[in-house]
Structures are given as structure tokens and as C-alpha cells.
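This is data_28.csv. It holds CSV, N, CA and C atoms.
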```csv
chain,number,residue,atom,x,y,z
V,1,ALA,N,47.6,-85.8,-136.6
V,1,ALA,CA,48.3,-87.1,-136.5
V,1,ALA,C,49.5,-87.1,-137.3
V,2,TRP,N,50.5,-87.9,-136.9
V,2,TRP,CA,51.6,-88.1,-137.8
V,2,TRP,C,52.0,-89.6,-137.7
V,3,ASN,N,52.8,-90.0,-138.7
V,3,ASN,CA,53.0,-91.5,-138.8
V,3,ASN,C,54.4,-91.7,-139.4
V,4,CYS,N,55.5,-91.4,-138.6
V,4,CYS,CA,56.8,-91.6,-139.1
V,4,CYS,C,57.2,-93.0,-139.0
V,5,ALA,N,56.8,-93.7,-138.0
V,5,ALA,CA,56.9,-95.2,-137.8
V,5,ALA,C,55.7,-95.6,-137.1
V,6,PRO,N,55.2,-96.8,-137.4
V,6,PRO,CA,53.9,-97.2,-136.9
V,6,PRO,C,53.6,-97.0,-135.4
V,7,MET,N,54.5,-97.5,-134.5
V,7,MET,CA,54.3,-97.3,-133.1
V,7,MET,C,54.7,-95.9,-132.6
V,8,CYS,N,55.2,-95.1,-133.5
V,8,CYS,CA,55.5,-93.7,-133.1
V,8,CYS,C,54.4,-92.8,-133.7
V,9,THR,N,53.3,-93.4,-134.2
V,9,THR,CA,52.2,-92.6,-134.6
V,9,THR,C,51.7,-91.8,-133.4
V,10,GLY,N,51.4,-90.5,-133.7
V,10,GLY,CA,51.1,-89.7,-132.5
V,10,GLY,C,50.0,-88.7,-132.9
V,11,LEU,N,49.4,-88.2,-131.8
V,11,LEU,CA,48.4,-87.2,-131.9
V,11,LEU,C,48.8,-86.0,-131.0
V,12,CYS,N,48.6,-84.8,-131.5
V,12,CYS,CA,49.0,-83.6,-130.7
V,12,CYS,C,47.8,-83.3,-129.8
V,13,LEU,N,47.9,-83.5,-128.5
V,13,LEU,CA,46.9,-83.1,-127.6
V,13,LEU,C,47.2,-81.8,-126.8
V,14,ALA,N,46.3,-81.3,-126.1
V,14,ALA,CA,46.5,-80.0,-125.4
V,14,ALA,C,47.7,-80.1,-124.5
V,15,ASP,N,47.9,-81.2,-123.8
V,15,ASP,CA,49.0,-81.3,-122.8
V,15,ASP,C,50.2,-82.1,-123.4
V,16,GLY,N,50.3,-82.2,-124.7
V,16,GLY,CA,51.5,-82.9,-125.3
V,16,GLY,C,51.1,-84.0,-126.2
V,17,PRO,N,52.1,-84.6,-126.8
V,17,PRO,CA,51.8,-85.7,-127.8
V,17,PRO,C,51.4,-87.0,-127.1
V,18,LEU,N,50.6,-87.8,-127.8
V,18,LEU,CA,50.2,-89.1,-127.3
V,18,LEU,C,50.6,-90.0,-128.5
V,19,PHE,N,51.5,-90.9,-128.1
V,19,PHE,CA,52.0,-91.9,-129.1
V,19,PHE,C,51.4,-93.3,-128.9
V,20,ALA,N,51.3,-94.0,-130.0
V,20,ALA,CA,50.7,-95.4,-129.9
V,20,ALA,C,51.3,-96.2,-128.8
V,21,TYR,N,52.7,-96.1,-128.7
V,21,TYR,CA,53.3,-96.9,-127.6
V,21,TYR,C,52.9,-96.4,-126.2
V,22,ASP,N,52.4,-95.2,-126.0
V,22,ASP,CA,52.0,-94.7,-124.7
V,22,ASP,C,50.7,-95.5,-124.3
V,23,LEU,N,50.0,-96.0,-125.2
V,23,LEU,CA,48.8,-96.7,-124.9
V,23,LEU,C,49.1,-98.0,-124.1
V,24,GLU,N,50.3,-98.5,-124.1
V,24,GLU,CA,50.7,-99.7,-123.4
V,24,GLU,C,50.6,-99.4,-121.9
V,25,ARG,N,50.7,-98.1,-121.5
V,25,ARG,CA,50.6,-97.8,-120.0
V,25,ARG,C,49.2,-97.5,-119.5
V,26,VAL,N,48.3,-97.4,-120.4
V,26,VAL,CA,46.9,-97.0,-120.0
V,26,VAL,C,46.2,-98.3,-119.6
V,27,ARG,N,45.6,-98.2,-118.4
V,27,ARG,CA,44.9,-99.4,-117.8
V,27,ARG,C,43.6,-99.7,-118.5
V,28,ARG,N,42.9,-98.7,-118.8
V,28,ARG,CA,41.5,-98.9,-119.4
V,28,ARG,C,41.2,-97.8,-120.4
V,29,LEU,N,41.0,-98.2,-121.6
V,29,LEU,CA,40.7,-97.3,-122.7
V,29,LEU,C,39.2,-97.2,-122.9
V,30,PRO,N,38.7,-96.1,-123.5
V,30,PRO,CA,37.2,-96.0,-123.8
V,30,PRO,C,36.8,-97.1,-124.8
V,31,VAL,N,35.6,-97.5,-124.7
V,31,VAL,CA,35.0,-98.5,-125.6
V,31,VAL,C,35.0,-98.0,-127.0
V,32,VAL,N,34.6,-96.7,-127.2
V,32,VAL,CA,34.5,-96.1,-128.5
V,32,VAL,C,35.4,-94.9,-128.5
V,33,VAL,N,36.3,-94.8,-129.5
V,33,VAL,CA,37.2,-93.7,-129.7
V,33,VAL,C,37.0,-93.1,-131.0
V,34,VAL,N,36.9,-91.8,-131.1
V,34,VAL,CA,36.8,-91.1,-132.4
V,34,VAL,C,38.1,-90.2,-132.5
V,35,LEU,N,38.8,-90.5,-133.6
V,35,LEU,CA,40.0,-89.7,-133.9
V,35,LEU,C,39.7,-88.9,-135.1
V,36,SER,N,39.6,-87.6,-134.9
V,36,SER,CA,39.2,-86.7,-136.0
V,36,SER,C,40.3,-86.1,-136.8
V,37,SER,N,41.5,-86.5,-136.6
V,37,SER,CA,42.6,-85.9,-137.3
V,37,SER,C,43.0,-86.7,-138.6
V,38,CYS,N,43.7,-86.1,-139.5
V,38,CYS,CA,44.1,-86.7,-140.7
V,38,CYS,C,44.9,-88.0,-140.5
V,39,ASP,N,44.6,-89.0,-141.4
V,39,ASP,CA,45.3,-90.2,-141.4
V,39,ASP,C,45.4,-91.0,-140.1
V,40,SER,N,44.6,-90.7,-139.1
V,40,SER,CA,44.8,-91.3,-137.8
V,40,SER,C,44.4,-92.8,-137.8
V,41,GLY,N,43.7,-93.3,-138.8
V,41,GLY,CA,43.4,-94.7,-138.9
V,41,GLY,C,44.3,-95.5,-139.8
V,42,ARG,N,45.3,-94.8,-140.4
V,42,ARG,CA,46.3,-95.6,-141.2
V,42,ARG,C,47.1,-96.5,-140.3
V,43,SER,N,47.6,-97.6,-140.9
V,43,SER,CA,48.5,-98.5,-140.2
V,43,SER,C,49.5,-99.0,-141.2
V,44,ALA,N,50.5,-99.7,-140.7
V,44,ALA,CA,51.5,-100.4,-141.5
V,44,ALA,C,51.7,-101.8,-140.9
V,45,PRO,N,52.0,-102.7,-141.8
V,45,PRO,CA,52.1,-104.1,-141.3
V,45,PRO,C,53.4,-104.3,-140.5
V,46,ALA,N,53.4,-105.0,-139.4
V,46,ALA,CA,54.6,-105.4,-138.7
V,46,ALA,C,55.2,-106.6,-139.4
V,47,VAL,N,56.3,-107.0,-139.1
V,47,VAL,CA,57.0,-108.2,-139.6
V,47,VAL,C,56.0,-109.4,-139.4
V,48,SER,N,55.3,-109.5,-138.3
V,48,SER,CA,54.4,-110.5,-138.0
V,48,SER,C,53.1,-110.5,-138.9
V,49,GLY,N,52.9,-109.4,-139.6
V,49,GLY,CA,51.7,-109.2,-140.4
V,49,GLY,C,50.6,-108.5,-139.7
V,50,PHE,N,50.7,-108.3,-138.4
V,50,PHE,CA,49.7,-107.5,-137.7
V,50,PHE,C,49.9,-106.0,-138.0
V,51,PRO,N,48.8,-105.3,-138.1
V,51,PRO,CA,48.8,-103.9,-138.3
V,51,PRO,C,49.3,-103.1,-137.1
V,52,LEU,N,50.1,-102.1,-137.4
V,52,LEU,CA,50.6,-101.2,-136.3
V,52,LEU,C,50.2,-99.7,-136.7
V,53,GLY,N,49.7,-99.0,-135.7
V,53,GLY,CA,49.3,-97.6,-135.8
V,53,GLY,C,48.4,-97.3,-134.7
V,54,MET,N,47.9,-96.1,-134.7
V,54,MET,CA,47.0,-95.6,-133.5
V,54,MET,C,45.7,-96.4,-133.4
V,55,ALA,N,45.0,-96.6,-134.5
V,55,ALA,CA,43.7,-97.3,-134.4
V,55,ALA,C,44.0,-98.8,-134.0
V,56,ALA,N,45.0,-99.4,-134.6
V,56,ALA,CA,45.3,-100.8,-134.3
V,56,ALA,C,45.7,-100.9,-132.8
V,57,SER,N,46.5,-100.0,-132.3
V,57,SER,CA,46.9,-100.0,-131.0
V,57,SER,C,45.7,-99.8,-130.0
V,58,LEU,N,44.8,-98.9,-130.3
V,58,LEU,CA,43.6,-98.8,-129.5
V,58,LEU,C,42.8,-100.1,-129.4
V,59,LEU,N,42.6,-100.7,-130.6
V,59,LEU,CA,41.9,-101.9,-130.6
V,59,LEU,C,42.6,-103.0,-129.8
V,60,ALA,N,43.9,-103.1,-130.0
V,60,ALA,CA,44.6,-104.2,-129.3
V,60,ALA,C,44.6,-104.0,-127.8
V,61,ARG,N,44.5,-102.8,-127.3
V,61,ARG,CA,44.5,-102.5,-125.9
V,61,ARG,C,43.2,-102.5,-125.3
V,62,GLY,N,42.1,-102.7,-126.1
V,62,GLY,CA,40.8,-102.9,-125.4
V,62,GLY,C,39.6,-102.1,-125.9
V,63,SER,N,39.9,-101.0,-126.7
V,63,SER,CA,38.8,-100.3,-127.3
V,63,SER,C,38.0,-101.2,-128.2
V,64,ALA,N,36.7,-101.2,-128.2
V,64,ALA,CA,35.9,-102.0,-129.1
V,64,ALA,C,35.8,-101.4,-130.5
V,65,THR,N,35.8,-100.1,-130.6
V,65,THR,CA,35.5,-99.4,-131.9
V,65,THR,C,36.4,-98.2,-131.9
V,66,VAL,N,37.0,-98.0,-133.1
V,66,VAL,CA,37.7,-96.8,-133.4
V,66,VAL,C,37.2,-96.2,-134.7
V,67,VAL,N,36.8,-94.9,-134.7
V,67,VAL,CA,36.4,-94.2,-135.8
V,67,VAL,C,37.6,-93.3,-136.2
V,68,ALA,N,38.1,-93.4,-137.4
V,68,ALA,CA,39.3,-92.6,-137.7
V,68,ALA,C,39.4,-92.4,-139.2
V,69,SER,N,40.1,-91.4,-139.6
V,69,SER,CA,40.3,-91.1,-141.0
V,69,SER,C,41.5,-91.9,-141.6
V,70,VAL,N,41.3,-92.4,-142.8
V,70,VAL,CA,42.5,-93.0,-143.5
V,70,VAL,C,43.0,-92.1,-144.6
V,71,LEU,N,42.5,-90.9,-144.7
V,71,LEU,CA,42.9,-89.9,-145.7
V,71,LEU,C,43.1,-88.5,-145.0
V,72,PRO,N,43.8,-87.6,-145.7
V,72,PRO,CA,43.8,-86.2,-145.2
V,72,PRO,C,42.4,-85.7,-145.1
V,73,VAL,N,42.1,-84.9,-144.1
V,73,VAL,CA,40.8,-84.3,-143.9
V,73,VAL,C,40.9,-82.8,-143.8
V,74,SER,N,39.9,-82.1,-144.3
V,74,SER,CA,39.8,-80.7,-144.2
V,74,SER,C,39.2,-80.3,-142.9
V,75,ASP,N,39.9,-79.6,-142.0
V,75,ASP,CA,39.3,-79.2,-140.8
V,75,ASP,C,38.0,-78.4,-141.0
V,76,GLY,N,37.9,-77.5,-141.9
V,76,GLY,CA,36.7,-76.7,-142.1
V,76,GLY,C,35.6,-77.5,-142.6
V,77,GLU,N,35.8,-78.5,-143.4
V,77,GLU,CA,34.7,-79.3,-143.9
V,77,GLU,C,34.3,-80.4,-143.0
V,78,THR,N,35.2,-80.8,-142.1
V,78,THR,CA,34.9,-81.9,-141.2
V,78,THR,C,34.2,-81.5,-139.9
V,79,VAL,N,34.3,-80.2,-139.5
V,79,VAL,CA,33.7,-79.8,-138.2
V,79,VAL,C,32.2,-80.1,-138.1
V,80,ALA,N,31.5,-79.7,-139.1
V,80,ALA,CA,30.0,-79.9,-139.0
V,80,ALA,C,29.7,-81.4,-139.0
V,81,ALA,N,30.4,-82.2,-139.8
V,81,ALA,CA,30.1,-83.6,-139.9
V,81,ALA,C,30.5,-84.2,-138.5
V,82,MET,N,31.5,-83.8,-137.9
V,82,MET,CA,31.9,-84.3,-136.6
V,82,MET,C,30.9,-84.0,-135.5
V,83,VAL,N,30.4,-82.8,-135.5
V,83,VAL,CA,29.3,-82.3,-134.6
V,83,VAL,C,28.1,-83.2,-134.7
V,84,ARG,N,27.7,-83.5,-136.0
V,84,ARG,CA,26.5,-84.3,-136.2
V,84,ARG,C,26.9,-85.8,-135.8
V,85,ALA,N,28.1,-86.2,-136.1
V,85,ALA,CA,28.4,-87.6,-135.7
V,85,ALA,C,28.4,-87.8,-134.2
V,86,HIS,N,29.0,-86.9,-133.4
V,86,HIS,CA,29.0,-87.0,-132.0
V,86,HIS,C,27.6,-86.9,-131.4
V,87,GLY,N,26.8,-86.1,-132.0
V,87,GLY,CA,25.4,-86.1,-131.5
V,87,GLY,C,24.7,-87.4,-131.7
V,88,ALA,N,24.9,-88.0,-132.9
V,88,ALA,CA,24.3,-89.3,-133.2
V,88,ALA,C,24.9,-90.4,-132.2
V,89,LEU,N,26.2,-90.3,-132.0
V,89,LEU,CA,26.8,-91.3,-131.0
V,89,LEU,C,26.1,-91.2,-129.6
V,90,ARG,N,26.0,-89.9,-129.2
V,90,ARG,CA,25.4,-89.7,-127.9
V,90,ARG,C,24.0,-90.1,-127.8
V,91,SER,N,23.3,-90.1,-128.9
V,91,SER,CA,21.9,-90.5,-128.9
V,91,SER,C,21.7,-92.0,-129.1
V,92,GLY,N,22.8,-92.8,-129.2
V,92,GLY,CA,22.8,-94.2,-129.2
V,92,GLY,C,22.9,-94.9,-130.6
V,93,VAL,N,23.2,-94.1,-131.6
V,93,VAL,CA,23.3,-94.7,-133.0
V,93,VAL,C,24.7,-95.4,-133.0
V,94,PRO,N,24.7,-96.7,-133.5
V,94,PRO,CA,25.9,-97.4,-133.5
V,94,PRO,C,27.0,-96.7,-134.3
V,95,PRO,N,28.3,-96.8,-133.9
V,95,PRO,CA,29.4,-96.1,-134.6
V,95,PRO,C,29.4,-96.4,-136.1
V,96,ALA,N,29.2,-97.6,-136.6
V,96,ALA,CA,29.3,-97.9,-138.0
V,96,ALA,C,28.2,-97.1,-138.8
V,97,ALA,N,27.0,-97.0,-138.2
V,97,ALA,CA,25.9,-96.3,-138.8
V,97,ALA,C,26.3,-94.8,-138.8
V,98,VAL,N,26.9,-94.3,-137.8
V,98,VAL,CA,27.3,-92.9,-137.7
V,98,VAL,C,28.3,-92.6,-138.8
V,99,VAL,N,29.3,-93.5,-139.0
V,99,VAL,CA,30.3,-93.3,-140.0
V,99,VAL,C,29.6,-93.3,-141.4
V,100,ALA,N,28.7,-94.3,-141.6
V,100,ALA,CA,28.1,-94.4,-142.9
V,100,ALA,C,27.2,-93.1,-143.2
V,101,GLU,N,26.6,-92.6,-142.2
V,101,GLU,CA,25.7,-91.5,-142.5
V,101,GLU,C,26.4,-90.1,-142.5
V,102,HIS,N,27.4,-89.9,-141.6
V,102,HIS,CA,28.0,-88.6,-141.4
V,102,HIS,C,29.4,-88.4,-141.8
V,103,LEU,N,30.2,-89.5,-141.8
V,103,LEU,CA,31.6,-89.3,-142.0
V,103,LEU,C,32.3,-90.0,-143.1
V,104,ALA,N,31.7,-91.0,-143.7
V,104,ALA,CA,32.3,-91.8,-144.8
V,104,ALA,C,32.8,-90.9,-146.0
V,105,ASP,N,32.0,-89.9,-146.3
V,105,ASP,CA,32.4,-89.1,-147.5
V,105,ASP,C,33.6,-88.2,-147.2
V,106,ALA,N,33.9,-88.1,-145.9
V,106,ALA,CA,35.1,-87.3,-145.5
V,106,ALA,C,36.3,-88.2,-145.3
V,107,GLY,N,36.2,-89.5,-145.6
V,107,GLY,CA,37.4,-90.4,-145.5
V,107,GLY,C,37.5,-91.1,-144.2
V,108,PHE,N,36.5,-91.2,-143.4
V,108,PHE,CA,36.5,-91.9,-142.1
V,108,PHE,C,35.9,-93.3,-142.3
V,109,VAL,N,36.5,-94.2,-141.5
V,109,VAL,CA,36.0,-95.6,-141.4
V,109,VAL,C,35.8,-96.0,-140.0
V,110,CYS,N,35.1,-97.1,-139.8
V,110,CYS,CA,34.9,-97.6,-138.5
V,110,CYS,C,35.7,-98.9,-138.4
V,111,PHE,N,36.6,-99.0,-137.4
V,111,PHE,CA,37.4,-100.2,-137.1
V,111,PHE,C,36.8,-100.9,-135.9
V,112,GLY,N,36.8,-102.2,-135.9
V,112,GLY,CA,36.4,-103.0,-134.7
V,112,GLY,C,34.9,-103.3,-134.8
V,113,ALA,N,34.3,-103.5,-133.6
V,113,ALA,CA,32.9,-103.8,-133.5
V,113,ALA,C,32.1,-102.5,-133.5
V,114,GLY,N,31.4,-102.2,-134.6
V,114,GLY,CA,30.7,-100.9,-134.6
V,114,GLY,C,29.3,-101.1,-134.8
```

Can you turn what I pasted into C-alpha cells?
Amino acid sequence: AWNCAPMCTGLCLADGPLFAYDLERVRRLPVVVVLSSCDSGRSAPAVSGFPLGMAASLLARGSATVVASVLPVSDGETVAAMVRAHGALRSGVPPAAVVAEHLADAGFVCFGAG
């Protein structure tokens, strides 16, 4: 993830970058989104006071919950935690509980209704 300007926050995906402003064109977003990259949950306040960034954009466009890091994360140390977290999510554990049990120590938080 990178964050040069809040709405230019982006993620490098296999088929190219995804910017926060690209979400404006998406008709329907997933209910739960997990962003495993560094700083993907960080935001900056707009003049209006509302937060701008990838997690805030996902929530504003309809995702109910975003799990994202607010700190730099180590790929090597985060892989095992992410595998456990995704397994817990698939088995029905609520996202906030998944973060508390598997990801909080790595700098991840749960935004929205978790």
C-alpha cells in the first residue's frame, strides 16, 4: 500500500494498482475486506473532518468491515497470522475477534461493524 494523498491511496494488485478513488466505480463491494499490506488502514482527515484512505473508502462505499494494518508489517511474520485469521473468518468467527486473537499484535485493527 502507499499513501501519497488520501484518495490516491493504492494497493498493488496482480493486474495493476487499485486506488481509493477507483472504488467509486465499483457497484458492490464485499461485506468483509482484509487488507494485508502495510499501512493500508491509515487515513488522513479531509477538510470536512471525514477520514480519507483505503479503509475509509471501502466503508463509505458499502463494506461493513475492513481489517487492515495501521503500521508497517513484516511479510514473513504476518503470513502465518493471516493464514490463521482467514481460517477463523471462514469458520464464522467475527472479524473483531479474529483481529484480537490473530492480528492485533502485528498492527492490524478492525474498522466498521466487526

Under the rule that all atoms listed in the file are counted, which of V:Val109, V:Met54, V:Leu71, V:Val99 is the nearest residue to Phe19 in chain V? V:Met54

V:Ala106, V:Cys12, V:Val34, V:Val26 ranked by distance to Ser74 in chain V, top pick (using all atoms listed in the file):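 Using all atoms listed in the file, the shortest distance to Ser74 in chain V belongs to V:Ala106.
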
Could you give me, as an NGL selection string, each residue of chain V that DSSP assigns to strand (DSSP E or B) when run on this structure's backbone? :V and (2 or 10-13 or 16-19 or 32-35 or 44-45 or 51-52 or 65-69 or 108-112)

For range 91-110 of chain V, take all atoms listed in the file, fit an axis-aligned box around them, add 6 Å to each of the six sides, then output centre and edge lengths in Å rounded to one decimal, as AutoDock Vina command-line options.
```
--center_x 29.6 --center_y -93.1 --center_z -138.2 --size_x 27.8 --size_y 23.6 --size_z 30.6
```

Separation of CA of Ala60 in chain V and atom C of Asp22 in chain V, in Å?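 Computing the Euclidean distance for CA of Ala60 in chain V and atom C of Asp22 in chain V yields 11.7 Å.
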
Residues at most 6.5 Å from range 64-67 of chain V, counting only N, CA and C atoms, excluding those fewer than 5 positions away in the same chain, as a VMD selection string? chain V and resid 30 to 36 55 58 to 59 108 to 114

What gap, in Å, lies between atom C of Asp75 in chain V and CA of Gly62 in chain V?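 Between atom C of Asp75 in chain V and CA of Gly62 in chain V the gap works out to 29.2 Å.
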
Which residues, written as a PDB file with N, CA and C atoms, in the frame of the given file, have at least one atom at most 6 Å from Gly41 in chain V, with all atoms listed in the file counted and residues fewer than 3 positions away on the same chain left out?
```
ATOM      1  N   CYS V  38      43.700 -86.100-139.500  1.00  0.00           N
ATOM      2  CA  CYS V  38      44.100 -86.700-140.700  1.00  0.00           C
ATOM      3  C   CYS V  38      44.900 -88.000-140.500  1.00  0.00           C
ATOM      4  N   ALA V  55      45.000 -96.600-134.500  1.00  0.00           N
ATOM      5  CA  ALA V  55      43.700 -97.300-134.400  1.00  0.00           C
ATOM      6  C   ALA V  55      44.000 -98.800-134.000  1.00  0.00           C
ATOM      7  N   ALA V  68      38.100 -93.400-137.400  1.00  0.00           N
ATOM      8  CA  ALA V  68      39.300 -92.600-137.700  1.00  0.00           C
ATOM      9  C   ALA V  68      39.400 -92.400-139.200  1.00  0.00           C
ATOM     10  N   SER V  69      40.100 -91.400-139.600  1.00  0.00           N
ATOM     11  CA  SER V  69      40.300 -91.100-141.000  1.00  0.00           C
ATOM     12  C   SER V  69      41.500 -91.900-141.600  1.00  0.00           C
ATOM     13  N   VAL V  70      41.300 -92.400-142.800  1.00  0.00           N
ATOM     14  CA  VAL V  70      42.500 -93.000-143.500  1.00  0.00           C
ATOM     15  C   VAL V  70      43.000 -92.100-144.600  1.00  0.00           C
TER      16      VAL V  70
END
```

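Atom pair atom C of Arg42 in chain V / atom C of Ala100 in chain V: separated by 20.4 Å.
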
Please identify all polymer residues within 8 Å of Pro51 in chain V, counting only N, CA and C atoms, omitting same-chain residues fewer than 6 positions from it, and present them as number ranges by chain. V: 6, 42-45, 57

Compile the contact shell of Val98 in chain V as a list in words: residues with an atom at most 7 Å away, counting all atoms listed in the file, same-chain residues fewer than 4 positions apart removed.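 My reading of the contact set: Ala85, Ala88, Leu89, Val93, Pro94, His102, Leu103 and Ala104 of chain V.
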